[in-house]
Amino acid sequence: MTKDARWKQDFPKIGIRPTIDGRRKGVRESLEDMTMNLAKAVSSLLSENLRYPDGSPVECVIADTCIGGVAEAAACADKFAKAGVGVSITVTPCWCYGTETMDMDPAVPKAIWGFNGTERPGAVYLAAVLSAHAQKGLPAFGIYGRDVQDLNDPSIPEDVQEKLLRFARAGMAAALMKGKSYLAIGSVSMGIAGSMIDPDFFQEYLGMRNEYVDMSEITRRVEEEIYDPEEYKLALAWVKENCKEGPDNNPAHIQTSREKKDKDWEMVVKMTQIVRDLMVGNPRLAELGFAEEAMGHHAIVSGFQGQRQWTDHFPNGDFHEAILNSSFDWNGIRAPYLVATENDSLNGVSMLFGNLLTHTAQIFADVRTYWSPDAVKRVTGHELTGIAQNGLLHLINSGPAALDGTGEQMRDGEPVLKPFWEITEEDKNNCLKATSWRPAAVEYFRGGGFSSDFLTRGGMPVTMSRLNLVKGLGPVLQIAEGYTVDLPEEVHDKLDQRTDPTWPTTWFAPNLTGEGAFKDVYSVMDNWGANHGAICYGHIGADLITLASILRIPVSMHNVNADQIFRPRAWGMFGTNDPEGADYRACQNFGPLYK
Ligand SMILES: C[C@H](O)[C@@H](O)[C@@H](O)C(=O)CO
Ligand SMILES: [Mn+2]
């Protein structure tokens with residue numbers, strides 16, 4: 001199979017709009033070079049720092065001329081539409097005519113950098129055009145450098161760079177998901193509301209489609225051999241060599257035979273191929289006579305119901321969920337495919353946000369247990385210290401934690417999760433070595449299968465997020481930044497044995513602020529909106545907040561420093577003393593991006 005059937009269309013581009021004072025015979029001419037150079041500098045900054053999901057640099061398109069009035073604004077809009085621009089950034093060092101030069105496309109996230117200078121009033125334009133954006137209901141991000149620059153200084157100050165990059169990362173995440181689908185394989189898992197797909201949410205807030213296939217489609221493709229048989233051989237051999245089977249934890253009388261386990265391996269490998277092909281298609285299938293199946297469902301994220309109808313009879317989905325979510329398989333190191341276990345589409349969306357912002361693999365987990373320091377002491381005799389001193393959350397689920405979540409990839413001697421293009425063979429092999437595949441708990445999974453078992457290395461900055469839907473309100477996002485934690489081996493073992501030790505564990509200590517939901521670790525658990533969370537490497541809370549504001553999803557809970565929060569300027573019009581309340585009011589007022 002071609003390794004990446006996914007990226008058939010061109011990626012969206014970032015459009016840069018240099019706006020200028022339209023007065024000829026002096027003013028405009030004196031500003032042309034400076035203005036165009038600002039646009040070029042922003043273009044270089046973004047292309048050097050941001051990448052597409054395939055690892056290639058983000059492409060920028062600059063308007064053909066500076067924009068001094070509506071004719072040039074329209075020419076720019078035309079160029080951007082033809083070039084597939086998904087995000088726009090307006091730059092200017094000077095006064096320009098607000099409503100005559102502004103970007104009017106309601107579905108394109110927008111920012112404006114108004115140069116902080118004295119010779120020409122860039123900040124005055126910034127304020128004027130942002131007032132127009134508010135008045136017209138087209139929210140835009142305002143970027144105003146903290147320190148005055150000289151007019152001929154083409155550099156981008158660090159604070160401006162940070163805001164340009166934060167906006168562009170989030171804007172591109174929104175643009176990249178637009179037009180893609182969430183593929184539900186199966187329906188509702190064990191009454192989990194997140195697997196009741198809400199198509200209005202996907203359509204209006206994310207610009208996405210919903211695709212649905214019954215799990216019987218997997219049976220059909222297995223039985224009719226609708227997968228690449230050569231890849232299957234390669235995959236099975238790779239799995240035998242790289243995926244070591246761990247001990248069977250089932251009571252002896254229900255353990256399955258060696259023969260059944262070997263059959264399960266064959267089945268779970270086929271399931272992996274089939275789920276991937278369902279998501280993104282596979283040109284090899286057309287060569288094999290399956291042209292329709294070769295097309296796929298254009299899915300950027302999917303969910304697999306599994307429990308219970310499938311898993312009561314067939315091997316569970318843990319293998320395909322874990323491998324597809326990882327940054328590697330038998331075809332080598334590649335971008336993760338996102339698969340939400342239990343078809344929890346809302347956790348799938350949280351994974352999608354994390355992945356599009358960082359290009360790293362995501363850890364999907366049950367937010368299973370709050371362990372207070374006292375409870376840990378009582379059960380193990382161990383005193384929690386350091387970042388764990390206030391207690392821990394046990395993140396654990398059968399299934400889809402990416403193997404990258406072992407924390408076995410290294411950068412400067414520190415454990416990290418890398419975008420796939422930075423992952424080395426050694427990183428990959430270490431992730432595989434740190435994972436064992438335990439025969440599934442048969443009382444839960446009557447059909448057998450294998451669950452990935454690993455323990456995430458401690459000391460990594462991570463962000464757990466979760467999208468929730470509330471009737472009458474709509475979607476809200478919650479965000480908890482914190483760290484993964486190492487426990488002494490015997491302490492981990494004791495705590496792990498009390499749950500299901502065949503599943504991957506991440507010990508998580510959220511950063512506390514002493515207030516609200518972050519008063520203590522218990523409060524984080526107590527305020528979590530659902531049974532699942534999506535865990536992303538890095539402290540990406542600020543980027544998530546910016547993305548949520550682009551999509552008009554209010555943030556109900558976060559522990560991000562106030563000075564990192566960057567939302568469209570109009571949010572301040574809904575109150576400045578209470579940013580959380582203002583966020584709710586602004587999101588409600590403007591409504592979903594694609595309505
Ligand atoms: C085996 C169980 O049914 C688990 O899958 C269950 O605890 C969950 O993961 C619920 O989200
Ligand atoms: Mn679960």
# chains A, B, ... in the order shown; residues from 1 in each chain; ligands from 1
call {"tool": "residues_near_ligand", "arguments": {"ligand": "ligand 1", "cutoff": "8 Å", "atoms": "only C-alpha atoms and all ligand atoms", "output": "compact mmCIF listing (two decimals) with C-alpha atoms, in the first residue's frame"}}
result
# COMPACT_ATOMS: atom_id res chain seq x y z
CA MET A 190 -22.03 0.63 26.71
CA ILE A 192 -21.33 6.14 26.67
CA GLN A 307 -17.81 -3.06 23.39
CA GLU A 342 -15.58 3.06 22.59
CA ALA A 365 -7.52 7.15 28.66
CA ASP A 366 -10.21 6.64 31.22
CA ASN A 397 -7.95 2.31 29.56
CA SER A 398 -7.89 -0.73 27.40
CA ALA A 441 -9.39 -9.72 30.22
CA TYR A 444 -14.73 -8.01 29.87
CA PHE A 445 -13.76 -9.12 26.40
CA ASN A 531 -15.08 9.15 31.82
CA HIS A 532 -12.35 9.93 29.28
call {"tool": "select_by_dssp", "arguments": {"residues": "segment 95-125 of chain A", "states": "helix (DSSP H, G or I)", "output": "list in words"}}
result
Gly98, Thr99, Glu100, Thr101, Gly122, Ala123, Val124 and Tyr125 of chain A
call {"tool": "atom_distance", "arguments": {"atom1": "atom CA of Lys25 of chain A", "atom2": "atom CA of Ile62 of chain A"}}
result
24.3 Å
call {"tool": "residues_around", "arguments": {"residues": "segment 583-594 of chain A", "least_positions_apart": "3", "cutoff": "8 Å", "atoms": "only C-alpha atoms", "output": "MDAnalysis selection string"}}
result
chainID A and resid 106:107 137 203:207 549:555 570:571 574 579:580
call {"tool": "residues_around", "arguments": {"residues": "Phe167 of chain A", "least_positions_apart": "6", "cutoff": "8 Å", "atoms": "only C-alpha atoms", "output": "list in words"}}
result
Ala111, Phe141, Asp543, Thr546, Leu547 and Phe566 of chain A
call {"tool": "write_last_selection", "arguments": {"atoms": "C-alpha atoms", "output": "mmCIF file, in the first residue's frame"}}
result
data_model
loop_
_atom_site.group_PDB
_atom_site.id
_atom_site.type_symbol
_atom_site.label_atom_id
_atom_site.label_comp_id
_atom_site.auth_asym_id
_atom_site.auth_seq_id
_atom_site.Cartn_x
_atom_site.Cartn_y
_atom_site.Cartn_z
ATOM 1 C CA ALA A 111 -5.509 38.001 12.924
ATOM 2 C CA PHE A 141 -7.229 38.429 16.849
ATOM 3 C CA ASP A 543 -3.054 26.851 22.092
ATOM 4 C CA THR A 546 -6.984 29.980 21.181
ATOM 5 C CA LEU A 547 -8.343 27.149 19.013
ATOM 6 C CA PHE A 566 -5.007 34.804 23.418
#
call {"tool": "residues_around", "arguments": {"residues": "Trp95 of chain A", "least_positions_apart": "6", "cutoff": "6 Å", "atoms": "only C-alpha atoms", "output": "PDB file with N, CA and C atoms, in the first residue's frame"}}
result
ATOM      1  N   ASP A  21      -1.944  52.506   3.698  1.00  0.00           N
ATOM      2  CA  ASP A  21      -2.665  53.777   3.515  1.00  0.00           C
ATOM      3  C   ASP A  21      -2.754  54.036   2.008  1.00  0.00           C
ATOM      4  N   PRO A 121       0.780  55.438  12.158  1.00  0.00           N
ATOM      5  CA  PRO A 121      -0.038  54.848  13.229  1.00  0.00           C
ATOM      6  C   PRO A 121      -0.638  53.475  12.915  1.00  0.00           C
ATOM      7  N   GLY A 122       0.211  52.405  12.990  1.00  0.00           N
ATOM      8  CA  GLY A 122      -0.270  51.037  12.774  1.00  0.00           C
ATOM      9  C   GLY A 122      -1.282  50.629  13.835  1.00  0.00           C
ATOM     10  N   TYR A 125      -4.833  51.881  13.142  1.00  0.00           N
ATOM     11  CA  TYR A 125      -5.542  51.009  12.192  1.00  0.00           C
ATOM     12  C   TYR A 125      -6.008  49.747  12.900  1.00  0.00           C
TER      13      TYR A 125
END
call {"tool": "atom_distance", "arguments": {"atom1": "atom CA of Leu50 of chain A", "atom2": "atom CA of Arg169 of chain A"}}
result
7.2 Å
call {"tool": "residues_around", "arguments": {"residues": "Ile423 of chain A", "least_positions_apart": "5", "cutoff": "12 Å", "atoms": "only C-alpha atoms", "output": "PyMOL selection string"}}
result
chain A and resi 55+326-328+332-335+359-361+404+407-411+416-418+428-431
call {"tool": "write_last_selection", "arguments": {"atoms": "N, CA and C atoms", "output": "PDB file, in the first residue's frame"}}
result
ATOM      1  N   GLY A  55       4.575  16.749   7.696  1.00  0.00           N
ATOM      2  CA  GLY A  55       5.926  17.180   8.058  1.00  0.00           C
ATOM      3  C   GLY A  55       6.487  18.268   7.159  1.00  0.00           C
ATOM      4  N   SER A 326      -0.518   5.231  17.200  1.00  0.00           N
ATOM      5  CA  SER A 326       0.930   5.420  17.363  1.00  0.00           C
ATOM      6  C   SER A 326       1.531   6.044  16.109  1.00  0.00           C
ATOM      7  N   SER A 327       2.794   6.460  16.223  1.00  0.00           N
ATOM      8  CA  SER A 327       3.467   7.105  15.089  1.00  0.00           C
ATOM      9  C   SER A 327       4.276   6.118  14.255  1.00  0.00           C
ATOM     10  N   PHE A 328       3.937   4.841  14.357  1.00  0.00           N
ATOM     11  CA  PHE A 328       4.691   3.847  13.574  1.00  0.00           C
ATOM     12  C   PHE A 328       3.896   2.552  13.509  1.00  0.00           C
ATOM     13  N   GLY A 332       6.624   1.467   8.900  1.00  0.00           N
ATOM     14  CA  GLY A 332       7.649   2.403   9.346  1.00  0.00           C
ATOM     15  C   GLY A 332       7.067   3.510  10.206  1.00  0.00           C
ATOM     16  N   ILE A 333       7.846   4.580  10.308  1.00  0.00           N
ATOM     17  CA  ILE A 333       7.442   5.711  11.144  1.00  0.00           C
ATOM     18  C   ILE A 333       6.561   6.614  10.286  1.00  0.00           C
ATOM     19  N   ARG A 334       5.388   6.946  10.800  1.00  0.00           N
ATOM     20  CA  ARG A 334       4.426   7.737  10.015  1.00  0.00           C
ATOM     21  C   ARG A 334       3.500   8.486  10.984  1.00  0.00           C
ATOM     22  N   ALA A 335       2.749   9.419  10.440  1.00  0.00           N
ATOM     23  CA  ALA A 335       1.849  10.200  11.297  1.00  0.00           C
ATOM     24  C   ALA A 335       0.776   9.290  11.903  1.00  0.00           C
ATOM     25  N   HIS A 359       1.108  17.712  16.181  1.00  0.00           N
ATOM     26  CA  HIS A 359       1.486  16.606  15.283  1.00  0.00           C
ATOM     27  C   HIS A 359       2.034  15.403  16.040  1.00  0.00           C
ATOM     28  N   THR A 360       1.789  15.338  17.329  1.00  0.00           N
ATOM     29  CA  THR A 360       2.239  14.179  18.106  1.00  0.00           C
ATOM     30  C   THR A 360       1.077  13.202  18.290  1.00  0.00           C
ATOM     31  N   ALA A 361       1.441  11.973  18.674  1.00  0.00           N
ATOM     32  CA  ALA A 361       0.450  10.947  18.988  1.00  0.00           C
ATOM     33  C   ALA A 361      -0.233  11.315  20.303  1.00  0.00           C
ATOM     34  N   ASP A 404       3.582   5.702  21.643  1.00  0.00           N
ATOM     35  CA  ASP A 404       4.439   6.861  21.919  1.00  0.00           C
ATOM     36  C   ASP A 404       4.293   7.278  23.379  1.00  0.00           C
ATOM     37  N   GLY A 407       6.629   7.157  26.588  1.00  0.00           N
ATOM     38  CA  GLY A 407       7.629   8.155  26.965  1.00  0.00           C
ATOM     39  C   GLY A 407       9.043   7.688  26.646  1.00  0.00           C
ATOM     40  N   GLU A 408       9.152   6.753  25.707  1.00  0.00           N
ATOM     41  CA  GLU A 408      10.472   6.182  25.387  1.00  0.00           C
ATOM     42  C   GLU A 408      11.186   6.917  24.252  1.00  0.00           C
ATOM     43  N   GLN A 409      10.572   7.987  23.738  1.00  0.00           N
ATOM     44  CA  GLN A 409      11.288   8.795  22.744  1.00  0.00           C
ATOM     45  C   GLN A 409      12.086   9.843  23.510  1.00  0.00           C
ATOM     46  N   MET A 410      13.289  10.126  23.059  1.00  0.00           N
ATOM     47  CA  MET A 410      14.166  11.003  23.838  1.00  0.00           C
ATOM     48  C   MET A 410      14.585  12.232  23.042  1.00  0.00           C
ATOM     49  N   ARG A 411      14.619  13.358  23.752  1.00  0.00           N
ATOM     50  CA  ARG A 411      15.208  14.578  23.188  1.00  0.00           C
ATOM     51  C   ARG A 411      16.090  15.168  24.293  1.00  0.00           C
ATOM     52  N   VAL A 416      10.023  12.374  25.760  1.00  0.00           N
ATOM     53  CA  VAL A 416       9.107  13.267  25.026  1.00  0.00           C
ATOM     54  C   VAL A 416       8.225  12.431  24.091  1.00  0.00           C
ATOM     55  N   LEU A 417       7.193  13.056  23.542  1.00  0.00           N
ATOM     56  CA  LEU A 417       6.489  12.493  22.386  1.00  0.00           C
ATOM     57  C   LEU A 417       6.784  13.440  21.225  1.00  0.00           C
ATOM     58  N   LYS A 418       7.336  12.885  20.146  1.00  0.00           N
ATOM     59  CA  LYS A 418       7.792  13.732  19.039  1.00  0.00           C
ATOM     60  C   LYS A 418       6.810  13.651  17.875  1.00  0.00           C
ATOM     61  N   LYS A 428      11.515   4.445  18.202  1.00  0.00           N
ATOM     62  CA  LYS A 428      10.420   3.532  17.854  1.00  0.00           C
ATOM     63  C   LYS A 428      10.626   2.184  18.528  1.00  0.00           C
ATOM     64  N   ASN A 429      11.834   1.652  18.399  1.00  0.00           N
ATOM     65  CA  ASN A 429      12.099   0.329  18.982  1.00  0.00           C
ATOM     66  C   ASN A 429      11.939   0.352  20.497  1.00  0.00           C
ATOM     67  N   ASN A 430      12.340   1.459  21.111  1.00  0.00           N
ATOM     68  CA  ASN A 430      12.200   1.542  22.570  1.00  0.00           C
ATOM     69  C   ASN A 430      10.734   1.578  22.995  1.00  0.00           C
ATOM     70  N   CYS A 431       9.897   2.261  22.210  1.00  0.00           N
ATOM     71  CA  CYS A 431       8.451   2.268  22.520  1.00  0.00           C
ATOM     72  C   CYS A 431       7.894   0.848  22.416  1.00  0.00           C
TER      73      CYS A 431
END
call {"tool": "atom_distance", "arguments": {"atom1": "atom CA of Asn343 of chain A", "atom2": "atom CA of Asp500 of chain A"}}
result
20.6 Å
call {"tool": "select_by_dssp", "arguments": {"residues": "segment 178-312 of chain A", "states": "strand (DSSP E)", "output": "PyMOL selection string"}}
result
chain A and resi 181-185+209-213+299-304
call {"tool": "closest_residue", "arguments": {"among": "A:Ala170, A:Cys94, A:Leu278, A:Val301", "to": "Asp214 of chain A", "atoms": "only C-alpha atoms"}}
result
A:Leu278
call {"tool": "closest_residue", "arguments": {"among": "A:Glu119, A:Asp153, A:Asp159, A:Asp318", "to": "ligand 2", "atoms": "only C-alpha atoms and all ligand atoms"}}
result
A:Asp318
